[in-house]
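**Q** Dropping in entry18.tsv, with TSV, C-alpha atoms.
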chain	number	residue	atom	x	y	z
J	1	VAL	CA	108.94	134.46	83.60
J	2	GLY	CA	106.48	133.13	81.04
J	3	ILE	CA	106.93	129.37	81.29
J	4	GLY	CA	103.24	128.48	81.10
J	5	PRO	CA	101.91	126.19	78.37
J	6	ASN	CA	100.55	129.06	76.28
J	7	PHE	CA	99.81	132.79	76.28
J	8	ALA	CA	98.72	134.26	79.58
J	9	GLN	CA	95.10	135.26	79.80
J	10	GLY	CA	94.45	138.53	78.02
J	11	ASN	CA	98.00	138.68	76.65
J	12	ARG	CA	99.04	137.90	73.06
J	13	MET	CA	102.70	138.79	73.44
J	14	PRO	CA	105.08	135.84	72.94
J	15	THR	CA	106.24	134.29	76.21
J	16	LEU	CA	109.85	133.72	77.21
J	17	LEU	CA	109.69	130.11	75.98
J	18	MET	CA	108.22	131.16	72.66
J	19	ASN	CA	110.94	133.77	72.10
J	20	TYR	CA	113.67	131.19	72.69
J	21	GLY	CA	111.94	128.39	70.79
J	22	VAL	CA	111.76	126.15	73.86
J	23	ASP	CA	109.00	123.54	73.69
J	24	GLU	CA	110.11	121.41	76.63
J	25	PHE	CA	111.67	122.10	80.03
J	26	SER	CA	112.08	120.33	83.37
J	27	VAL	CA	112.03	121.33	87.03
J	28	CYS	CA	113.43	119.43	90.02
J	29	LEU	CA	114.31	120.45	93.58
J	30	GLN	CA	116.84	118.65	95.75
J	31	LYS	CA	115.57	117.48	99.13
J	32	PRO	CA	118.10	118.86	101.69
J	33	SER	CA	117.39	122.26	103.20
J	34	GLY	CA	119.05	125.01	101.19
J	35	ALA	CA	120.03	122.64	98.38
J	36	SER	CA	119.93	123.59	94.73
J	37	GLY	CA	117.04	123.26	92.35
J	38	TYR	CA	117.25	122.82	88.60
J	39	LEU	CA	115.42	124.36	85.65
J	40	THR	CA	116.50	122.56	82.48
J	41	TRP	CA	115.51	123.87	79.06
J	42	GLY	CA	115.12	121.28	76.33
J	43	PRO	CA	114.61	117.50	76.41
J	44	THR	CA	115.87	115.57	79.43
J	45	GLU	CA	117.69	112.28	79.06
J	46	MET	CA	117.01	109.62	81.66
J	47	LYS	CA	119.84	107.26	82.56
J	48	GLY	CA	119.08	103.78	81.26
J	49	ALA	CA	115.47	104.56	80.48
J	50	GLY	CA	113.21	106.10	77.90
J	51	LYS	CA	110.05	108.15	77.92
J	52	HIS	CA	107.98	104.97	78.32
J	53	GLU	CA	109.32	104.73	81.89
J	54	VAL	CA	107.84	108.02	82.98
J	55	ALA	CA	104.29	108.82	84.04
J	56	THR	CA	102.56	111.05	81.51
J	57	ALA	CA	99.64	113.37	82.29
J	58	LYS	CA	97.60	115.30	79.75
J	59	VAL	CA	97.50	119.06	80.25
J	60	VAL	CA	93.90	120.28	80.34
J	61	GLY	CA	94.66	123.94	81.05
J	62	LYS	CA	95.25	126.60	78.42
J	63	HIS	CA	97.22	129.07	80.54
J	64	HIS	CA	98.49	126.93	83.45
J	65	TRP	CA	99.98	123.46	83.80
J	66	VAL	CA	96.76	121.80	84.93
J	67	THR	CA	95.88	118.11	84.92
J	68	ARG	CA	93.28	115.90	86.61
J	69	LEU	CA	93.60	114.71	90.21
J	70	HIS	CA	91.69	111.88	91.91
J	71	ASN	CA	91.49	109.97	95.21
J	72	VAL	CA	93.78	111.89	97.54
J	73	SER	CA	94.14	109.95	100.79
J	74	PHE	CA	96.53	108.58	103.36
J	75	GLY	CA	95.58	105.04	102.43
J	76	THR	CA	94.20	104.04	105.82
J	77	LYS	CA	92.30	100.76	105.72
J	78	ASN	CA	89.17	102.17	107.31
J	79	SER	CA	88.88	105.17	105.00
J	80	ASP	CA	85.35	105.77	103.76
J	81	MET	CA	85.34	106.66	100.06
J	82	SER	CA	82.91	109.48	100.78
J	83	THR	CA	85.56	111.15	102.95
J	84	ILE	CA	88.34	110.92	100.36
J	85	PRO	CA	88.98	114.19	98.49
J	86	CYS	CA	88.60	114.18	94.69
J	87	ASN	CA	86.87	110.78	94.66
J	88	SER	CA	84.08	111.76	92.26
J	89	ALA	CA	84.13	110.91	88.56
J	90	GLY	CA	85.15	114.45	87.67
J	91	GLY	CA	87.81	114.60	90.36
J	92	CYS	CA	89.79	117.79	90.93
J	93	ALA	CA	92.09	120.10	89.03
J	94	ALA	CA	95.78	119.97	89.95
J	95	ILE	CA	98.06	122.85	89.01
J	96	VAL	CA	101.68	121.68	89.02
J	97	ASP	CA	103.54	124.81	90.11
J	98	SER	CA	107.16	125.08	91.23
J	99	GLY	CA	106.52	128.63	92.46
J	100	THR	CA	104.23	127.61	95.34
J	101	SER	CA	106.01	126.60	98.56
J	102	LEU	CA	103.49	124.05	99.83
J	103	ILE	CA	100.57	121.90	98.67
J	104	ALA	CA	97.44	124.00	98.34
J	105	ALA	CA	94.04	122.36	98.73
J	106	PRO	CA	90.40	123.23	99.53
J	107	GLY	CA	89.62	123.63	103.22
J	108	ILE	CA	87.14	120.74	103.25
J	109	ALA	CA	89.75	118.43	101.70
J	110	LEU	CA	92.31	119.39	104.34
J	111	MET	CA	89.76	118.63	107.02
J	112	GLN	CA	89.08	115.20	105.51
J	113	LEU	CA	92.78	114.42	105.32
J	114	SER	CA	93.39	115.54	108.91
J	115	GLN	CA	90.93	112.90	110.09
J	116	GLN	CA	92.94	110.12	108.46
J	117	ILE	CA	96.27	110.59	110.27
J	118	PRO	CA	97.55	111.06	113.81
J	119	GLN	CA	98.24	114.59	114.96
J	120	ILE	CA	101.71	115.70	113.90
J	121	LYS	CA	103.75	116.46	117.01
J	122	GLU	CA	105.46	119.82	117.12
J	123	ASP	CA	108.86	118.22	117.71
J	124	CYS	CA	108.44	115.81	114.77
J	125	SER	CA	108.90	112.83	117.11
J	126	ASN	CA	106.11	110.77	115.50
J	127	MET	CA	107.24	111.00	111.88
J	128	HIS	CA	107.64	107.22	111.79
J	129	GLU	CA	103.95	106.81	112.65
J	130	LEU	CA	102.66	108.90	109.78
J	131	PRO	CA	101.27	107.24	106.63
J	132	THR	CA	102.07	107.82	102.99
J	133	LEU	CA	99.98	110.26	100.99
J	134	HIS	CA	98.42	108.61	97.92
J	135	PHE	CA	96.81	110.27	94.91
J	136	MET	CA	96.14	109.73	91.21
J	137	ILE	CA	97.39	112.13	88.55
J	138	ASP	CA	95.53	111.59	85.27
J	139	GLY	CA	94.85	107.97	86.21
J	140	GLN	CA	98.34	107.05	87.43
J	141	PRO	CA	99.28	106.45	91.08
J	142	PHE	CA	101.63	108.74	92.96
J	143	GLU	CA	102.86	108.80	96.54
J	144	LEU	CA	104.53	111.24	98.88
J	145	PRO	CA	106.15	110.04	102.14
J	146	PRO	CA	105.81	111.97	105.43
J	147	GLN	CA	109.14	113.65	104.74
J	148	ALA	CA	107.45	115.43	101.83
J	149	TYR	CA	104.24	116.65	103.47
J	150	VAL	CA	105.60	117.50	106.95
J	151	MET	CA	107.71	120.61	107.42
J	152	ARG	CA	109.70	122.08	110.29
J	153	VAL	CA	108.98	125.81	110.30
J	154	THR	CA	111.62	128.08	111.79
J	155	GLY	CA	111.96	131.83	112.04
J	156	ALA	CA	110.06	134.60	113.79
J	157	THR	CA	106.70	136.29	113.35
J	158	LEU	CA	105.48	139.69	114.44
J	159	GLU	CA	102.39	139.76	116.65
J	160	ALA	CA	100.44	143.02	116.57
J	161	ASN	CA	96.76	143.90	116.73
J	162	ASP	CA	97.08	146.67	114.13
J	163	ILE	CA	99.56	148.94	112.39
J	164	TRP	CA	99.67	151.31	115.38
J	165	ASP	CA	101.14	148.58	117.54
J	166	VAL	CA	103.96	148.30	115.03
J	167	LEU	CA	104.54	152.06	114.71
J	168	PHE	CA	104.21	153.27	118.30
J	169	PHE	CA	104.45	150.25	120.57
J	170	LYS	CA	106.85	147.36	120.88
J	171	PRO	CA	105.28	144.40	119.05
J	172	LYS	CA	105.74	140.88	120.29
J	173	ILE	CA	108.22	138.71	118.44
J	174	ARG	CA	107.25	135.06	118.40
J	175	LYS	CA	109.98	132.57	117.53
J	176	LEU	CA	108.95	129.50	115.62
J	177	ASP	CA	110.48	126.03	115.59
J	178	MET	CA	107.74	123.47	115.10
J	179	CYS	CA	106.53	120.76	112.75
J	180	MET	CA	103.27	121.01	110.85
J	181	PRO	CA	101.65	119.74	107.64
J	182	ALA	CA	103.06	121.28	104.47
J	183	PHE	CA	99.59	122.26	103.25
J	184	MET	CA	97.85	125.58	102.80
J	185	GLN	CA	94.17	126.30	102.28
J	186	MET	CA	92.95	127.58	98.92
J	187	ASP	CA	89.23	127.41	98.12
J	188	MET	CA	88.74	127.79	94.40
J	189	MET	CA	86.52	126.05	91.86
J	190	SER	CA	87.17	125.44	88.17
J	191	GLN	CA	85.46	123.67	85.29
J	192	PHE	CA	87.65	120.68	86.17
J	193	GLY	CA	86.60	120.58	89.82
J	194	PRO	CA	88.10	121.99	93.04
J	195	VAL	CA	91.59	123.38	92.51
J	196	TRP	CA	94.73	121.97	94.14
J	197	ILE	CA	98.33	123.12	93.67
J	198	LEU	CA	101.17	120.61	93.80
J	199	GLY	CA	104.01	122.88	94.85
J	200	MET	CA	107.61	122.49	95.95
J	201	PRO	CA	107.13	119.31	98.06
J	202	PHE	CA	106.09	117.49	94.88
J	203	PHE	CA	109.16	118.64	92.91
J	204	ARG	CA	111.48	117.28	95.62
J	205	TYR	CA	110.35	113.75	94.83
J	206	TYR	CA	109.34	113.91	91.17
J	207	HIS	CA	111.43	115.26	88.32
J	208	THR	CA	108.81	117.02	86.20
J	209	THR	CA	109.03	117.74	82.48
J	210	PHE	CA	106.65	120.23	80.88
J	211	ASP	CA	106.03	119.65	77.17
J	212	ARG	CA	104.32	122.59	75.45
J	213	LYS	CA	104.29	121.00	71.99
J	214	ASN	CA	102.54	117.77	73.00
J	215	GLU	CA	100.57	119.38	75.85
J	216	VAL	CA	101.66	116.84	78.46
J	217	MET	CA	103.65	116.65	81.67
J	218	ARG	CA	106.02	113.76	82.32
J	219	PHE	CA	107.05	112.62	85.79
J	220	ALA	CA	110.07	110.60	86.86
J	221	ARG	CA	111.48	109.89	90.30
J	222	ALA	CA	113.97	112.52	91.40
J	223	GLY	CA	117.41	111.17	92.21
J	224	PRO	CA	119.75	112.61	94.91
J	225	ASP	CA	121.18	115.10	92.40
J	226	CYS	CA	117.82	115.65	90.70
J	227	GLU	CA	118.65	113.21	87.93
J	228	PRO	CA	115.45	111.62	86.52
J	229	LEU	CA	115.01	107.96	87.45
J	230	PRO	CA	112.38	105.55	86.08
J	231	TYR	CA	108.89	106.15	87.44
J	232	SER	CA	107.78	103.38	89.78
J	233	LYS	CA	104.11	102.79	90.44
J	234	ASN	CA	102.96	102.58	94.04
J	235	LYS	CA	106.45	102.23	95.55
J	236	THR	CA	107.12	104.60	98.42
J	237	GLU	CA	110.25	102.63	99.25
J	238	SER	CA	111.74	103.56	95.88
J	239	LEU	CA	111.30	107.25	96.65
J	240	LEU	CA	113.21	106.89	99.90
J	241	ALA	CA	115.79	104.34	98.81
J	242	ILE	CA	117.60	106.91	96.70
J	243	ASP	CA	118.61	108.91	99.77
J	244	HIS	CA	118.56	107.13	103.13
J	245	SER	CA	120.16	110.10	104.89
J	246	LEU	CA	116.86	111.96	104.72
J	247	ASP	CA	114.74	109.22	106.26
J	248	MET	CA	112.27	110.54	108.84
J	249	LYS	CA	113.52	114.12	108.57
J	250	PRO	CA	110.88	116.75	107.79
J	251	MET	CA	111.26	119.42	105.15
J	252	ASP	CA	112.87	122.55	106.65
J	253	MET	CA	111.12	125.80	105.83
J	254	GLU	CA	111.85	129.38	106.88
J	255	VAL	CA	108.59	131.16	107.62
J	256	ASP	CA	109.71	134.16	105.54
J	257	ALA	CA	110.44	131.90	102.57
J	258	MET	CA	106.91	130.56	102.21
J	259	VAL	CA	105.45	131.54	98.85
J	260	PRO	CA	101.64	131.47	98.70
J	261	PRO	CA	99.77	130.67	95.49
J	262	THR	CA	99.85	133.63	93.11
J	263	LEU	CA	96.73	132.52	91.27
J	264	SER	CA	93.98	133.43	93.70
J	265	GLY	CA	93.60	137.03	92.60
J	266	MET	CA	94.07	136.50	88.88
J	267	ILE	CA	92.89	132.96	88.19
J	268	ASP	CA	91.65	132.65	84.65
J	269	PHE	CA	88.88	130.55	83.14
J	270	PRO	CA	89.45	128.38	81.29
J	271	TYR	CA	92.78	127.45	82.84
Once you've parsed the file, please lay out its structure as structure tokens.

**A**
Amino acid sequence: VGIGPNFAQGNRMPTLLMNYGVDEFSVCLQKPSGASGYLTWGPTEMKGAGKHEVATAKVVGKHHWVTRLHNVSFGTKNSDMSTIPCNSAGGCAAIVDSGTSLIAAPGIALMQLSQQIPQIKEDCSNMHELPTLHFMIDGQPFELPPQAYVMRVTGATLEANDIWDVLFFKPKIRKLDMCMPAFMQMDMMSQFGPVWILGMPFFRYYHTTFDRKNEVMRFARAGPDCEPLPYSKNKTESLLAIDHSLDMKPMDMEVDAMVPPTLSGMIDFPY
């Protein structure tokens, strides 16, 4: 719909935001399954707080909302820095995208992260044993609890060897109801390092404001009704305290509702 920070690559036509004179907008998703999400055009007022109580990240992309990402880990005490994704000086590139269902990351990074946590049980019975995901966005600490990065996938998939099985034979229908990490693999490099996408799980915990005029993104904690609350550094408890009813419940996701990254086939350089 044309809500990027600037013109799309190869296009000089005014975007939707340009046509309406909108320089700032916000996105937030409520946590319960099937709950509403909010796209707010214009400045967002935070109850009892000002812009100094949000985390601000500089946008380094020209066509996408891209910022710098460092030190993604589950914060285990025995973690070797060499096995922590985005730990180099240059770090990684993080696209903050409300149109991607999960968190997209390079395959090697997902492998490194999988070695830092226990295996997620299919029935979600060990949610309480899972650690918090830590990462730095443009030098500021962020966290996501297990409820954000674990999803319960439900629905059905079609199993067939080829199109002929679908057309002439009865394909197998496999029903799904299992818990798994809310990550997807995306191997892509940019001038800012390996590319990650912070998708819908991020927007369920952080009210995100996109500022085209000042070329920044601002992050606040997302309240139960998506109201922006003051950003709190390194406080997982504050993310969960706003809605105790969701404690230790994974994110519900219909398999048909998963939206993959739309950038892989048309990624532009520079971003």

**Q** If we count all atoms listed in the file and set the cut-off at 7 Å, which residues sit around segment 131-147 of chain J, ignoring sequence neighbours fewer than 4 positions away in its own chain? Please answer as a compact mmCIF listing (two decimals) with C-alpha atoms, keeping the file's coordinate frame.

**A**
# COMPACT_ATOMS: atom_id res chain seq x y z
CA ALA J 57 99.64 113.37 82.29
CA LYS J 58 97.60 115.30 79.75
CA THR J 67 95.88 118.11 84.92
CA ARG J 68 93.28 115.90 86.61
CA LEU J 69 93.60 114.71 90.21
CA HIS J 70 91.69 111.88 91.91
CA ASN J 71 91.49 109.97 95.21
CA VAL J 72 93.78 111.89 97.54
CA SER J 73 94.14 109.95 100.79
CA PHE J 74 96.53 108.58 103.36
CA GLY J 75 95.58 105.04 102.43
CA MET J 127 107.24 111.00 111.88
CA LYS J 233 104.11 102.79 90.44
CA ASN J 234 102.96 102.58 94.04
CA THR J 236 107.12 104.60 98.42
CA MET J 248 112.27 110.54 108.84
CA LYS J 249 113.52 114.12 108.57
CA PRO J 250 110.88 116.75 107.79
CA MET J 251 111.26 119.42 105.15

**Q** How many Å lie between atom CA of Asn214 of chain J and atom CA of Cys28 of chain J, rounded to one decimal?

**A**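 Between these atoms lies a distance of 20.3 Å.
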
**Q** Quick one: residues within 10 Å of Ile108 of chain J, all atoms listed in the file, excluding same-chain residues fewer than 5 positions away - as a VMD selection string?

**A** chain J and resid 83 85 113 to 114 185 to 187

**Q** Kindly indicate which residue among J:Thr100, J:Gln30, J:Gln191, J:Thr154 lies nearest to Pro224 of chain J, using only C-alpha atoms for the distances.

**A**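 The closest residue to Pro224 of chain J is J:Gln30.
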
**Q** Enter the distance from atom CA of Phe183 of chain J to atom CA of Ile197 of chain J, in Å, rounded to one decimal.

**A**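 Between these atoms lies a distance of 9.7 Å.
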
**Q** Between J:Pro194, J:Gly34, J:Pro5, J:Pro14, single out the one closest to Gly107 of chain J, counting only C-alpha atoms.

**A**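 Closest candidate: J:Pro194.
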
**Q** Which one of J:His207, J:Lys121, J:Arg152, J:His63 sits closest to Leu39 of chain J if you count only C-alpha atoms?

**A**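 Of the candidates, the smallest distance to Leu39 of chain J is held by J:His207.
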
**Q** Neighbourhood query: residues within 9 Å of (110.5, 126.0, 73.1), file coordinates, counting only C-alpha atoms; return as a list in words.

**A**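 Taken together, the residues in range are Leu16, Leu17, Met18, Asn19, Tyr20, Gly21, Val22, Asp23, Glu24, Phe25, Trp41, Gly42, Asp211, Arg212 and Lys213 of chain J.
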
**Q** To one decimal place in Å, what is the distance between atom CA of Val54 of chain J and atom CA of Ser98 of chain J?

**A**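 Computing the Euclidean distance for atom CA of Val54 of chain J and atom CA of Ser98 of chain J yields 19.0 Å.
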
**Q** List as a VMD selection string the protein and nucleic acid residues near Gly199 of chain J, meaning an atom at most 7 Å away when only C-alpha atoms are counted, but skip any in the same chain fewer than 4 places from it.

**A** chain J and resid 96 to 103 203

**Q** Which one of J:Gln112, J:Tyr205, J:Ser232, J:Pro181 sits closest to Leu130 of chain J if you count only C-alpha atoms?

**A** J:Pro181

**Q** Missing atoms in segment 93-104 of chain J should be modelled up to all heavy atoms and reported as an mmCIF file, keeping the file's coordinate frame.

**A**
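What follows is the written file rebuild27.cif:
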data_model
loop_
_atom_site.group_PDB
_atom_site.id
_atom_site.type_symbol
_atom_site.label_atom_id
_atom_site.label_comp_id
_atom_site.auth_asym_id
_atom_site.auth_seq_id
_atom_site.Cartn_x
_atom_site.Cartn_y
_atom_site.Cartn_z
ATOM 1 N N ALA J 93 91.076 119.527 89.905
ATOM 2 C CA ALA J 93 92.090 120.100 89.030
ATOM 3 C C ALA J 93 93.374 120.281 89.819
ATOM 4 O O ALA J 93 93.355 120.827 90.920
ATOM 5 C CB ALA J 93 91.621 121.436 88.465
ATOM 6 N N ALA J 94 94.487 119.824 89.282
ATOM 7 C CA ALA J 94 95.780 119.970 89.950
ATOM 8 C C ALA J 94 96.689 120.846 89.104
ATOM 9 O O ALA J 94 97.014 120.504 87.962
ATOM 10 C CB ALA J 94 96.431 118.606 90.167
ATOM 11 N N ILE J 95 97.070 121.987 89.646
ATOM 12 C CA ILE J 95 98.060 122.850 89.010
ATOM 13 C C ILE J 95 99.437 122.430 89.532
ATOM 14 O O ILE J 95 99.663 122.406 90.740
ATOM 15 C CB ILE J 95 97.812 124.331 89.335
ATOM 16 C CG1 ILE J 95 96.406 124.748 88.876
ATOM 17 C CG2 ILE J 95 98.864 125.204 88.684
ATOM 18 C CD1 ILE J 95 96.040 126.162 89.280
ATOM 19 N N VAL J 96 100.323 122.068 88.636
ATOM 20 C CA VAL J 96 101.680 121.680 89.020
ATOM 21 C C VAL J 96 102.540 122.934 88.903
ATOM 22 O O VAL J 96 102.819 123.419 87.815
ATOM 23 C CB VAL J 96 102.197 120.547 88.114
ATOM 24 C CG1 VAL J 96 103.577 120.088 88.571
ATOM 25 C CG2 VAL J 96 101.218 119.374 88.126
ATOM 26 N N ASP J 97 102.948 123.475 90.071
ATOM 27 C CA ASP J 97 103.540 124.810 90.110
ATOM 28 C C ASP J 97 104.755 124.840 91.025
ATOM 29 O O ASP J 97 104.636 124.726 92.242
ATOM 30 C CB ASP J 97 102.493 125.821 90.583
ATOM 31 C CG ASP J 97 103.060 127.226 90.708
ATOM 32 O OD1 ASP J 97 103.961 127.571 89.911
ATOM 33 O OD2 ASP J 97 102.611 127.973 91.592
ATOM 34 N N SER J 98 105.936 125.043 90.449
ATOM 35 C CA SER J 98 107.160 125.080 91.230
ATOM 36 C C SER J 98 107.304 126.382 92.012
ATOM 37 O O SER J 98 108.192 126.514 92.848
ATOM 38 C CB SER J 98 108.378 124.914 90.312
ATOM 39 O OG SER J 98 108.439 125.973 89.365
ATOM 40 N N GLY J 99 106.426 127.364 91.770
ATOM 41 C CA GLY J 99 106.520 128.630 92.460
ATOM 42 C C GLY J 99 105.695 128.726 93.720
ATOM 43 O O GLY J 99 105.670 129.772 94.375
ATOM 44 N N THR J 100 105.020 127.643 94.109
ATOM 45 C CA THR J 100 104.230 127.610 95.340
ATOM 46 C C THR J 100 104.959 126.749 96.362
ATOM 47 O O THR J 100 105.342 125.615 96.073
ATOM 48 C CB THR J 100 102.819 127.057 95.076
ATOM 49 O OG1 THR J 100 102.156 127.883 94.115
ATOM 50 C CG2 THR J 100 101.998 127.024 96.349
ATOM 51 N N SER J 101 105.161 127.274 97.571
ATOM 52 C CA SER J 101 106.010 126.600 98.560
ATOM 53 C C SER J 101 105.433 125.286 99.055
ATOM 54 O O SER J 101 106.182 124.346 99.346
ATOM 55 C CB SER J 101 106.243 127.514 99.761
ATOM 56 O OG SER J 101 106.964 128.657 99.390
ATOM 57 N N LEU J 102 104.115 125.210 99.195
ATOM 58 C CA LEU J 102 103.490 124.050 99.830
ATOM 59 C C LEU J 102 102.508 123.385 98.876
ATOM 60 O O LEU J 102 102.521 123.646 97.670
ATOM 61 C CB LEU J 102 102.771 124.508 101.109
ATOM 62 C CG LEU J 102 103.611 125.364 102.077
ATOM 63 C CD1 LEU J 102 102.774 125.764 103.276
ATOM 64 C CD2 LEU J 102 104.860 124.620 102.512
ATOM 65 N N ILE J 103 101.663 122.519 99.423
ATOM 66 C CA ILE J 103 100.570 121.900 98.670
ATOM 67 C C ILE J 103 99.297 122.640 99.045
ATOM 68 O O ILE J 103 98.931 122.678 100.225
ATOM 69 C CB ILE J 103 100.448 120.408 98.993
ATOM 70 C CG1 ILE J 103 101.730 119.673 98.588
ATOM 71 C CG2 ILE J 103 99.238 119.801 98.273
ATOM 72 C CD1 ILE J 103 101.769 118.216 99.016
ATOM 73 N N ALA J 104 98.659 123.247 98.085
ATOM 74 C CA ALA J 104 97.440 124.000 98.340
ATOM 75 C C ALA J 104 96.226 123.139 98.019
ATOM 76 O O ALA J 104 96.207 122.428 97.007
ATOM 77 C CB ALA J 104 97.414 125.274 97.500
#
